[in-house]
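Some notes on the structure that comes next.
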Amino acid sequence: QSSSKQWYQRRVAITAGDAKALAEDRRRQKIEDEKARKAVLDKIKQDRMNKMKAKETANKEEVAPQPAPQAAAPQPAKEYDECRLQLRLPTGQALVNSFKAEDTLGDVVAFVRDTAKLDTFGLMTSFPRKQFQPSDYGFSLKSLGLCPSSVVIVSKQ
């Protein structure tokens, strides 16, 4: 055989051996990675179980001293005797004033006329969206749902 042919055969044998070694290294690495992944998943599962046990223990400790009827009692509705309104003028300026909860919307209209020097304007709230009519001017701020505080938009008409 010629020397080039022998050289080629040796080269193929070396390459084949390297390929086998590479494949074996890949298999070994894959097995190690799978073992590491399984160990991490087992650790996560164990941590979850420990947290659940700790939570159950904490719940048992908390439930015993607290009487159940106290937690179920509804809070009584709070009564407000003052209403704080922020009035947003058409110019962008904000007027903030406190009114009594029993004051009427007509009192707010008078305040805006005196303070902002506006003759014709409308009042509305943005949320919940409501446009107040002159017929609403006799109702109290409390009955209109503006207590304890609200933003009222003053619009040009």
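Ligands are numbered from 1 in the order shown, residues from 1 within each chain, and chains are lettered A, B, ... in the order they appear in the structure tokens.
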
What's around A:Tyr80 at 8 Å? Count only C-alpha atoms, leave out sequence neighbours fewer than 3 positions away in its own chain, and write the answer as a ChimeraX atom specification. /A:83,101,147-148

Once you have the residues from the selection above, write them out as a PDB file, in the first residue's frame, restricted to all heavy atoms.
```pdb
ATOM      1  N   CYS A  83     -67.701  67.523  54.349  1.00  0.00           N
ATOM      2  CA  CYS A  83     -67.497  67.118  52.959  1.00  0.00           C
ATOM      3  C   CYS A  83     -66.421  68.020  52.355  1.00  0.00           C
ATOM      4  O   CYS A  83     -66.583  69.235  52.297  1.00  0.00           O
ATOM      5  CB  CYS A  83     -68.815  67.249  52.193  1.00  0.00           C
ATOM      6  SG  CYS A  83     -68.692  66.727  50.489  1.00  0.00           S
ATOM      7  N   ALA A 101     -71.739  68.292  55.629  1.00  0.00           N
ATOM      8  CA  ALA A 101     -72.347  67.216  54.842  1.00  0.00           C
ATOM      9  C   ALA A 101     -73.799  67.526  54.517  1.00  0.00           C
ATOM     10  O   ALA A 101     -74.320  67.069  53.494  1.00  0.00           O
ATOM     11  CB  ALA A 101     -72.243  65.892  55.594  1.00  0.00           C
ATOM     12  N   CYS A 147     -69.774  62.954  49.893  1.00  0.00           N
ATOM     13  CA  CYS A 147     -69.040  62.882  51.156  1.00  0.00           C
ATOM     14  C   CYS A 147     -68.257  61.568  51.202  1.00  0.00           C
ATOM     15  O   CYS A 147     -68.691  60.575  50.646  1.00  0.00           O
ATOM     16  CB  CYS A 147     -69.998  62.948  52.342  1.00  0.00           C
ATOM     17  SG  CYS A 147     -70.748  64.567  52.519  1.00  0.00           S
ATOM     18  N   PRO A 148     -67.128  61.499  51.824  1.00  0.00           N
ATOM     19  CA  PRO A 148     -66.418  62.521  52.598  1.00  0.00           C
ATOM     20  C   PRO A 148     -65.586  63.464  51.734  1.00  0.00           C
ATOM     21  O   PRO A 148     -65.259  64.554  52.147  1.00  0.00           O
ATOM     22  CB  PRO A 148     -65.521  61.702  53.515  1.00  0.00           C
ATOM     23  CG  PRO A 148     -65.217  60.476  52.740  1.00  0.00           C
ATOM     24  CD  PRO A 148     -66.476  60.195  51.952  1.00  0.00           C
TER      25      PRO A 148
END
```

Give me the residues within 10 Å of A:Val109 as a ChimeraX atom specification, counting only C-alpha atoms and dropping any in the same chain fewer than 6 places off. /A:115,118-123,134,137,154

Store the residues picked out above, limited to N, CA, C and O atoms, as an mmCIF file, in the first residue's frame.
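New file result23.cif:
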```
data_model
loop_
_atom_site.group_PDB
_atom_site.id
_atom_site.type_symbol
_atom_site.label_atom_id
_atom_site.label_comp_id
_atom_site.auth_asym_id
_atom_site.auth_seq_id
_atom_site.Cartn_x
_atom_site.Cartn_y
_atom_site.Cartn_z
ATOM 1 N N THR A 115 -66.433 82.903 44.439
ATOM 2 C CA THR A 115 -64.976 82.736 44.433
ATOM 3 C C THR A 115 -64.386 82.842 43.033
ATOM 4 O O THR A 115 -63.380 83.520 42.822
ATOM 5 N N LEU A 118 -67.830 83.315 38.220
ATOM 6 C CA LEU A 118 -68.466 82.731 37.031
ATOM 7 C C LEU A 118 -69.975 82.924 37.149
ATOM 8 O O LEU A 118 -70.547 82.815 38.231
ATOM 9 N N ASP A 119 -70.620 83.228 36.018
ATOM 10 C CA ASP A 119 -72.066 83.420 36.038
ATOM 11 C C ASP A 119 -72.805 82.140 35.645
ATOM 12 O O ASP A 119 -73.688 81.671 36.355
ATOM 13 N N THR A 120 -72.454 81.580 34.490
ATOM 14 C CA THR A 120 -73.143 80.372 34.029
ATOM 15 C C THR A 120 -72.132 79.233 33.937
ATOM 16 O O THR A 120 -71.082 79.371 33.290
ATOM 17 N N PHE A 121 -72.460 78.136 34.586
ATOM 18 C CA PHE A 121 -71.575 76.977 34.573
ATOM 19 C C PHE A 121 -72.373 75.747 34.979
ATOM 20 O O PHE A 121 -73.486 75.856 35.500
ATOM 21 N N GLY A 122 -71.808 74.593 34.710
ATOM 22 C CA GLY A 122 -72.418 73.328 35.099
ATOM 23 C C GLY A 122 -71.485 72.588 36.042
ATOM 24 O O GLY A 122 -70.271 72.832 36.065
ATOM 25 N N LEU A 123 -72.043 71.676 36.799
ATOM 26 C CA LEU A 123 -71.256 70.866 37.722
ATOM 27 C C LEU A 123 -71.397 69.396 37.342
ATOM 28 O O LEU A 123 -72.484 68.940 36.989
ATOM 29 N N PRO A 134 -79.960 71.683 37.636
ATOM 30 C CA PRO A 134 -80.434 72.660 38.628
ATOM 31 C C PRO A 134 -81.424 72.050 39.628
ATOM 32 O O PRO A 134 -81.508 72.506 40.768
ATOM 33 N N TYR A 137 -79.808 70.984 42.933
ATOM 34 C CA TYR A 137 -79.195 71.991 43.800
ATOM 35 C C TYR A 137 -79.811 72.014 45.205
ATOM 36 O O TYR A 137 -79.219 72.534 46.129
ATOM 37 N N VAL A 154 -66.165 71.945 37.232
ATOM 38 C CA VAL A 154 -66.983 73.098 36.874
ATOM 39 C C VAL A 154 -66.779 73.327 35.377
ATOM 40 O O VAL A 154 -65.660 73.589 34.937
#
```

Could you state the separation of atom CA of A:Met124 and atom CA of A:Val112 in Å, given to one decimal place?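 So the two atoms, atom CA of A:Met124 and atom CA of A:Val112, lie 13.2 Å apart.
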
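Distances to A:Gly92 were evaluated for A:Leu144, A:Ile31, A:Ile153, A:Ala16 using only C-alpha atoms, and the minimum falls at A:Ile153.
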
Helix (DSSP H, G or I) residues, from DSSP on the backbone, in stretch 5-115 of chain A, as a ChimeraX atom specification: /A:5-63,68-72,105-115

If DSSP is run on the backbone, what residues of chain A are strand (DSSP E)? A reply as a VMD selection string would be ideal. chain A and resid 82 to 88 94 to 100 121 to 125 130 to 132 149 to 156

Polymer residues at most 12 Å from A:Leu141, only C-alpha atoms, same-chain spacing of 4 or more positions, as a list of chain:residue names: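 Using only C-alpha atoms, the neighbours found are A:Tyr80, A:Asp81, A:Glu82, A:Cys83, A:Arg84, A:Leu85, A:Ser98, A:Phe99, A:Lys100, A:Ala101, A:Glu102, A:Asp103, A:Thr104, A:Leu105, A:Gly106, A:Asp107, A:Val108, A:Val109, A:Phe132, A:Asp136, A:Tyr137, A:Gly145, A:Leu146, A:Cys147, A:Pro148, A:Ser149, A:Ser150, A:Val152.
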
The distance between atom CA of A:Gln131 and atom CA of A:Arg88 is 14.1 Å

Nearest residue to A:Lys156 from the set A:Gln9, A:Thr91, A:Gln29, A:Thr57 (distances using only C-alpha atoms):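 The answer is A:Thr91, which sits nearest to A:Lys156.
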
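Put simply, atom CA of A:Met52 is 25.8 Å away from atom CA of A:Lys35.
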
Residue nearest A:Arg129 - candidates A:Val151, A:Ala23, A:Ala39, A:Ala94, atoms counted: only C-alpha atoms: A:Val151
